[in-house]
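> Got a structure for you, written out below as structure tokens; questions coming shortly.
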Amino acid sequence: MRSNRAKVRAGVSMAATLPMLAGALALGIPAAHAADNSGRDTLAGTRPAWATAKADKGATVDASQVTARVYLAGRNAAGLARYAKAVSDPTSASYGKYLSAHQAQVLFGATEAQVAAVRSWLTSAGLKVTGATRHYLTVSGDVAAAEKAFGTQLHNYAKGSKTYRAPAKTASAPDSLNGAVLTVTGLDNAPHVVRHSDQLPSPAAVFKNAGPFSSYYGSTTASTLPDAYGGKVPYAVQGYTGKQLRAAYGAGGYTGKGVRVAITDAYASPTIAYDAATYAKKHGDAAYAGGQLRQVLPKKYTNTEACDASGWYGEETLDVEAVHAVAPAANITYVGAASCGDDDLLDSLGKVVDKHLADIVTNSWGDIEANQTPDLAAAYDQVFQLGAVEGIGFYFSSGDNGDEVANTGTKQVDTPANSAWVTAVGGTSLAVGKNDTYLWETGWGTEKASLSTDGKSWTDFPGAFTSGAGGGTSRTVAEPFYQKGVVPNALATANSAAGNRVVPDIAAIADPNTGFKVGQTQTFPDGSEKYSEYRIGGTSLASPVIAAVQALAQQARGGKAIGFANPSIYAKYGTKAYHDVTDNPTGSGLAVARVDYTNGYDASEGLLTSVRTLGADSSLKAVKGYDDVTGVGTPAGGYVESYRRR
């Protein structure tokens, strides 16, 4: 873990970096603002795409109240992007020459003069500054004051079945501020939340898996059930454990010792310490040392009902237990957000960067790209770039709805996984055999067919698509330098001849049918709260698994931070570092049988039996080489060792 203690040396270190800033190459991402001919800088992306003339319902009442965040660009936004690339690129002379959090703030943060100028502009327009951080100012006031400040009228627009406020044209700031404003959020009041004073609710209702199970892939055959793909299929595993995942992904003797992994989610499970310790003891993972697991939490929580706060407890539990299972000696810091809104999640990410709480950050949350506005994208990227210059890498789950067509009707990727500054983690179905032997993986994509009433066949086999690893080509993010020459041109240019970001970058276990066992305190039908275990998956599992593998890799390189990992990940493409995952690793169709409780927790209301086809991810295909289901592949035995200093 880094610190800001070397203040005396900061001037020398920063001076040494300045020539590097000028010589580094940027990723080619457009700036968030540009000057026009009216004496103002436009703040690109602040008018949402849904605010169209057809949807316009007229001006918002002047007296209506607005709350907004004005993000600060800092003293050298372009230099920040250039240096973030330089320190992350193994081919750069500046590779690994990270800054402390203090140095990053001094070099790239907003100056006192910039903050004062922005504050003066906002208050002179009639807005009240209600809060300030090193990244933004929060303001409130009426619509008339907001319109004066940002140079645009605010109108009401139809969006689906509801009406929301939004700028009638792109917002702007005075050019006399010399680009001090990065962007503004909150001028539109449509919900900006991710999927997954108030008090946190009790744990969610219990969920348990029914059997029979396999203890490892193929250990128990569903001999009394109908054939699939020309033969009997195995029952789904009860849930892999850390020992099996460590073997699959080449952990060797590494444990993550000396490395700290941060986890961000919304809210915080009130039973996480007990659950994590109980799970580790039951499954042979190392006991937590004092201070190994700690939480950084907000003073209060909001929107607990709208965000389904108790549903986030399981997310935190999965993330913590997965990281510890794969990297049992790594330190874990959980940073909980006050809600599932973008502003609060950005605050959690900002805490990690500003205090350098960890070198590796896993994030199992997101939303569809269509819901991500450019103003928010700019705010997220600024945090990711500041992290990169400090040697912090961010890992995001790629999504659980494949190409999103079944979910939204539109082929698209998820965000923030689409950012060029994060590592997007896709998902697989994993087969670990007897004696913890890695057998194969497919891209995660599930089709489900239920057992017929007479029990002699599978209804409409192979059935409909239910879930799969998110992936595809972004419509908004330009192709980053590290993907060129690796990502097939057909994928990169799917939405633009100039090329766009393709997701994911790397992958790991995600399929719930070959999933991971977790332990969590849950609420049972009689109202009692008890610890119980169940199998789970999703790219919400893949991201912490990859973060844990990165902790092993960081230990292997002597504890030196890997930082933003994508340039290194792609540099290893085509080597023994990866399992090259395809949808058909055995040459024939693959499926598992699964039995579930109708009510989710016991057999009192009956059982549901189905067959789940593996390797069927909507329109996405896992093929030889890079693909938009698994990226460059999954970590093989040579991956962690490839980081070892020789």
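Scheme for the structure tokens: letters A, B, ... for chains in order shown; per-chain residue numbers from 1; ligand numbers from 1 in order shown.
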Write down as a PyMOL selection string the residues of segment 458-591 of chain A whose backbone DSSP state falls under strand (DSSP E or B).

chain A and resi 458+464-468+472-478+500-503+506-509+516-523+529-536+578-579+591

> Might you pull out every residue within 6 Å of segment 165-168 of chain A, with only C-alpha atoms counted and same-chain residues fewer than 4 positions away left off, and present them as a PDB file with C-alpha atoms, in the first residue's frame?


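As written to disk, out-v4.pdb reads:
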ATOM      1  CA  ARG A  47     -27.213  17.186 -23.139  1.00  0.00           C
ATOM      2  CA  GLN A 153     -32.299  26.473 -20.860  1.00  0.00           C
ATOM      3  CA  LEU A 154     -33.591  23.454 -18.978  1.00  0.00           C
ATOM      4  CA  HIS A 155     -36.627  21.718 -20.465  1.00  0.00           C
ATOM      5  CA  ASN A 156     -38.759  18.730 -19.549  1.00  0.00           C
ATOM      6  CA  LEU A 187     -28.576  19.111 -14.927  1.00  0.00           C
ATOM      7  CA  ASP A 188     -30.657  16.202 -16.150  1.00  0.00           C
ATOM      8  CA  ASN A 189     -32.502  14.416 -13.359  1.00  0.00           C
TER       9      ASN A 189
END

> If we count only C-alpha atoms, what is near Tyr98 of chain A at a cut-off of 12 Å, once residues fewer than 4 positions away on the same chain are taken out, given as a PyMOL selection string?

chain A and resi 2+13-14+16-17+83-89+94+102-104+356+359+385-393+560-564

> Those residues you just picked out, can you put them in a file as a PDB file, in the first residue's frame with C-alpha atoms?


ATOM      1  CA  ARG A   2       1.347   3.438  -0.927  1.00  0.00           C
ATOM      2  CA  SER A  13      10.266  13.571  -8.261  1.00  0.00           C
ATOM      3  CA  MET A  14       7.679  15.681 -10.048  1.00  0.00           C
ATOM      4  CA  ALA A  16      11.765  14.585 -13.202  1.00  0.00           C
ATOM      5  CA  THR A  17       8.465  13.514 -14.683  1.00  0.00           C
ATOM      6  CA  TYR A  83       1.289  10.121 -18.199  1.00  0.00           C
ATOM      7  CA  ALA A  84      -1.310   7.486 -17.305  1.00  0.00           C
ATOM      8  CA  LYS A  85      -0.519   5.778 -20.602  1.00  0.00           C
ATOM      9  CA  ALA A  86       3.243   6.149 -20.245  1.00  0.00           C
ATOM     10  CA  VAL A  87       3.486   4.551 -16.798  1.00  0.00           C
ATOM     11  CA  SER A  88       1.193   1.681 -17.868  1.00  0.00           C
ATOM     12  CA  ASP A  89       2.887   0.755 -21.146  1.00  0.00           C
ATOM     13  CA  SER A  94       8.298   5.693 -17.940  1.00  0.00           C
ATOM     14  CA  HIS A 102       0.152  13.616  -3.149  1.00  0.00           C
ATOM     15  CA  GLN A 103       2.362  13.986  -6.214  1.00  0.00           C
ATOM     16  CA  ALA A 104      -0.567  13.179  -8.523  1.00  0.00           C
ATOM     17  CA  HIS A 356      -4.236   5.035  -2.238  1.00  0.00           C
ATOM     18  CA  ASP A 359      -3.163  -1.172  -5.947  1.00  0.00           C
ATOM     19  CA  GLN A 385      -6.416   8.018 -15.006  1.00  0.00           C
ATOM     20  CA  LEU A 386      -5.450   9.383 -11.596  1.00  0.00           C
ATOM     21  CA  GLY A 387      -5.385   5.794 -10.376  1.00  0.00           C
ATOM     22  CA  ALA A 388      -3.181   4.747 -13.275  1.00  0.00           C
ATOM     23  CA  VAL A 389      -0.522   7.364 -12.548  1.00  0.00           C
ATOM     24  CA  GLU A 390      -0.423   6.087  -8.946  1.00  0.00           C
ATOM     25  CA  GLY A 391      -0.100   2.449 -10.040  1.00  0.00           C
ATOM     26  CA  ILE A 392      -3.726   1.502  -9.296  1.00  0.00           C
ATOM     27  CA  GLY A 393      -5.581  -0.841 -11.652  1.00  0.00           C
ATOM     28  CA  LYS A 560       5.828  -3.812  -7.384  1.00  0.00           C
ATOM     29  CA  ALA A 561       2.413  -2.545  -8.461  1.00  0.00           C
ATOM     30  CA  ILE A 562       1.134  -3.691 -11.860  1.00  0.00           C
ATOM     31  CA  GLY A 563      -1.063  -0.596 -12.138  1.00  0.00           C
ATOM     32  CA  PHE A 564      -3.388  -0.252 -15.129  1.00  0.00           C
TER      33      PHE A 564
END

> So that I can check the surroundings of Glu112 of chain A, please list as number ranges by chain every protein, DNA and RNA residue that reaches within 12 Å of it, counting only C-alpha atoms and ignoring chain neighbours fewer than 3 positions away.

A: 72, 74-75, 105-106, 109, 115-119, 133-134, 180

> Give the answer as one residue: which of A:Asp580, A:Phe394, A:Gly336, A:Glu369 has the shortest atom-to-atom distance to Val477 of chain A, using only C-alpha atoms?

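Going through A:Asp580, A:Phe394, A:Gly336, A:Glu369 one by one, the smallest distance to Val477 of chain A is for A:Glu369.
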